[in-house]
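Here's final.pdb, which has PDB, C-alpha atoms, pLDDT in the B column:
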ATOM      1  CA  MET K   1      16.052  82.904 -95.868  1.00 36.00           C
ATOM      2  CA  MET K   2      14.999  86.393 -96.853  1.00 41.00           C
ATOM      3  CA  THR K   3      15.388  88.255-100.120  1.00 41.00           C
ATOM      4  CA  ASN K   4      15.146  91.973-100.655  1.00 41.00           C
ATOM      5  CA  HIS K   5      13.355  93.645-103.559  1.00 44.00           C
ATOM      6  CA  PHE K   6      16.458  93.185-105.746  1.00 42.00           C
ATOM      7  CA  GLY K   7      16.257  89.403-105.297  1.00 44.00           C
ATOM      8  CA  THR K   8      19.558  89.074-103.417  1.00 40.00           C
ATOM      9  CA  ILE K   9      19.924  87.124-100.208  1.00 41.00           C
ATOM     10  CA  ASN K  10      19.837  89.394 -97.186  1.00 40.00           C
ATOM     11  CA  ILE K  11      20.629  87.079 -94.254  1.00 38.00           C
ATOM     12  CA  LEU K  12      22.776  89.547 -92.313  1.00 41.00           C
ATOM     13  CA  HIS K  13      20.241  92.389 -92.379  1.00 44.00           C
ATOM     14  CA  TYR K  14      20.062  93.989 -88.911  1.00 46.00           C
ATOM     15  CA  GLY K  15      22.734  91.730 -87.451  1.00 49.00           C
ATOM     16  CA  GLY K  16      21.751  88.320 -88.802  1.00 49.00           C
ATOM     17  CA  ALA K  17      20.816  85.193 -86.911  1.00 49.00           C
ATOM     18  CA  ASN K  18      22.890  85.994 -83.816  1.00 55.00           C
ATOM     19  CA  MET K  19      21.017  89.200 -83.062  1.00 59.00           C
ATOM     20  CA  SER K  20      19.299  89.322 -79.682  1.00 82.00           C
ATOM     21  CA  GLU K  21      15.531  89.598 -79.319  1.00 83.00           C
ATOM     22  CA  HIS K  22      16.012  92.955 -77.593  1.00 79.00           C
ATOM     23  CA  THR K  23      18.000  94.368 -80.500  1.00 87.00           C
ATOM     24  CA  ARG K  24      15.477  92.968 -82.966  1.00 90.00           C
ATOM     25  CA  ASP K  25      12.647  94.752 -81.127  1.00 91.00           C
ATOM     26  CA  THR K  26      14.582  98.018 -81.196  1.00 92.00           C
ATOM     27  CA  GLU K  27      15.188  97.722 -84.925  1.00 94.00           C
ATOM     28  CA  GLU K  28      11.536  96.857 -85.561  1.00 94.00           C
ATOM     29  CA  LEU K  29      10.531 100.002 -83.673  1.00 95.00           C
ATOM     30  CA  ARG K  30      12.994 102.007 -85.773  1.00 96.00           C
ATOM     31  CA  LYS K  31      11.440 100.563 -88.964  1.00 96.00           C
ATOM     32  CA  LYS K  32       7.910 101.459 -87.797  1.00 95.00           C
ATOM     33  CA  LEU K  33       8.913 105.004 -86.941  1.00 95.00           C
ATOM     34  CA  LEU K  34      10.662 105.483 -90.278  1.00 95.00           C
ATOM     35  CA  ALA K  35       7.594 104.129 -92.081  1.00 95.00           C
ATOM     36  CA  ASP K  36       5.474 106.708 -90.247  1.00 93.00           C
ATOM     37  CA  VAL K  37       7.858 109.487 -91.225  1.00 92.00           C
ATOM     38  CA  TYR K  38       7.857 108.481 -94.879  1.00 93.00           C
ATOM     39  CA  ALA K  39       4.064 108.046 -94.964  1.00 93.00           C
ATOM     40  CA  GLY K  40       3.615 111.464 -93.407  1.00 90.00           C
ATOM     41  CA  ALA K  41       5.974 113.056 -95.903  1.00 91.00           C
ATOM     42  CA  VAL K  42       4.161 111.456 -98.854  1.00 92.00           C
ATOM     43  CA  SER K  43       0.807 112.621 -97.527  1.00 92.00           C
ATOM     44  CA  GLY K  44       1.950 116.237 -97.455  1.00 90.00           C
ATOM     45  CA  LEU K  45       3.580 116.552 -94.047  1.00 88.00           C
ATOM     46  CA  GLY K  46       7.092 117.103 -95.357  1.00 86.00           C
ATOM     47  CA  ALA K  47       8.280 118.393 -92.000  1.00 87.00           C
ATOM     48  CA  MET K  48       8.115 114.811 -90.712  1.00 87.00           C
ATOM     49  CA  LEU K  49      11.305 114.142 -92.659  1.00 89.00           C
ATOM     50  CA  LEU K  50      13.099 116.212 -90.050  1.00 89.00           C
ATOM     51  CA  ASP K  51      12.798 113.198 -87.735  1.00 91.00           C
ATOM     52  CA  GLU K  52      14.373 110.786 -90.221  1.00 94.00           C
ATOM     53  CA  GLY K  53      18.001 111.415 -89.247  1.00 93.00           C
ATOM     54  CA  ARG K  54      17.107 111.499 -85.589  1.00 95.00           C
ATOM     55  CA  ILE K  55      15.425 108.086 -85.850  1.00 96.00           C
ATOM     56  CA  LYS K  56      18.220 106.541 -87.907  1.00 96.00           C
ATOM     57  CA  ASN K  57      20.899 107.683 -85.448  1.00 96.00           C
ATOM     58  CA  ALA K  58      19.001 107.164 -82.186  1.00 96.00           C
ATOM     59  CA  ASP K  59      20.177 104.776 -79.528  1.00 95.00           C
ATOM     60  CA  GLU K  60      17.611 102.617 -77.745  1.00 94.00           C
ATOM     61  CA  GLU K  61      16.621 105.219 -75.146  1.00 95.00           C
ATOM     62  CA  GLU K  62      16.276 108.025 -77.690  1.00 96.00           C
ATOM     63  CA  LEU K  63      14.252 105.728 -79.942  1.00 95.00           C
ATOM     64  CA  LYS K  64      11.824 105.052 -77.092  1.00 94.00           C
ATOM     65  CA  LYS K  65      11.485 108.798 -76.547  1.00 96.00           C
ATOM     66  CA  ILE K  66      10.717 109.327 -80.243  1.00 94.00           C
ATOM     67  CA  ALA K  67       8.218 106.442 -80.184  1.00 94.00           C
ATOM     68  CA  LYS K  68       6.423 108.088 -77.276  1.00 95.00           C
ATOM     69  CA  GLU K  69       6.255 111.343 -79.255  1.00 92.00           C
ATOM     70  CA  HIS K  70       4.707 109.420 -82.155  1.00 88.00           C
ATOM     71  CA  GLY K  71       2.185 107.750 -79.847  1.00 91.00           C
ATOM     72  CA  TYR K  72       3.674 104.247 -79.817  1.00 84.00           C
ATOM     73  CA  LEU K  73       4.617 103.954 -76.136  1.00 76.00           C
TER      74      LEU K  73
END

Taking this structure as input, can you express it in the form of structure tokens?
Amino acid sequence: MMTNHFGTINILHYGGANMSEHTRDTEELRKKLLADVYAGAVSGLGAMLLDEGRIKNADEEELKKIAKEHGYL
């Protein structure tokens, strides 16, 4: 069982227990890319925020393309 920073149960986050391994991997990649964007923005590279919407709305193939641009794949 997981809780978020507000202390509420968050079992269905990213599709819950029935989510496939493949989908889980895709969402983990999305989380890593968003973390990079936010870290870059905080460190003074505000232009990185331009990728935020692109990452949030990307399908699996587009997400892989973005990951390659960020040096992950």

Worksheet item: In Å, with one decimal, what is the gap from atom CA of K:Gly46 to atom CA of K:Glu62?
Response: 21.9 Å

Residues at most 9 Å from stretch 33-44 of chain K, counting only C-alpha atoms, excluding those fewer than 3 positions away in the same chain, as a PDB file with C-alpha atoms, in the coordinates of the input?
ATOM      1  CA  GLU K  28      11.536  96.857 -85.561  1.00 94.00           C
ATOM      2  CA  LEU K  29      10.531 100.002 -83.673  1.00 95.00           C
ATOM      3  CA  ARG K  30      12.994 102.007 -85.773  1.00 96.00           C
ATOM      4  CA  ALA K  47       8.280 118.393 -92.000  1.00 87.00           C
ATOM      5  CA  MET K  48       8.115 114.811 -90.712  1.00 87.00           C
ATOM      6  CA  LEU K  49      11.305 114.142 -92.659  1.00 89.00           C
ATOM      7  CA  LEU K  50      13.099 116.212 -90.050  1.00 89.00           C
ATOM      8  CA  ASP K  51      12.798 113.198 -87.735  1.00 91.00           C
ATOM      9  CA  GLU K  52      14.373 110.786 -90.221  1.00 94.00           C
ATOM     10  CA  ILE K  55      15.425 108.086 -85.850  1.00 96.00           C
ATOM     11  CA  LYS K  56      18.220 106.541 -87.907  1.00 96.00           C
ATOM     12  CA  LEU K  63      14.252 105.728 -79.942  1.00 95.00           C
ATOM     13  CA  ILE K  66      10.717 109.327 -80.243  1.00 94.00           C
ATOM     14  CA  ALA K  67       8.218 106.442 -80.184  1.00 94.00           C
ATOM     15  CA  HIS K  70       4.707 109.420 -82.155  1.00 88.00           C
ATOM     16  CA  TYR K  72       3.674 104.247 -79.817  1.00 84.00           C
TER      17      TYR K  72
END

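Put simply, atom CA of K:Arg24 is 13.9 Å away from atom CA of K:Lys64.
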
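Here atom CA of K:Thr26 is placed at a distance of 25.1 Å from atom CA of K:Leu45.
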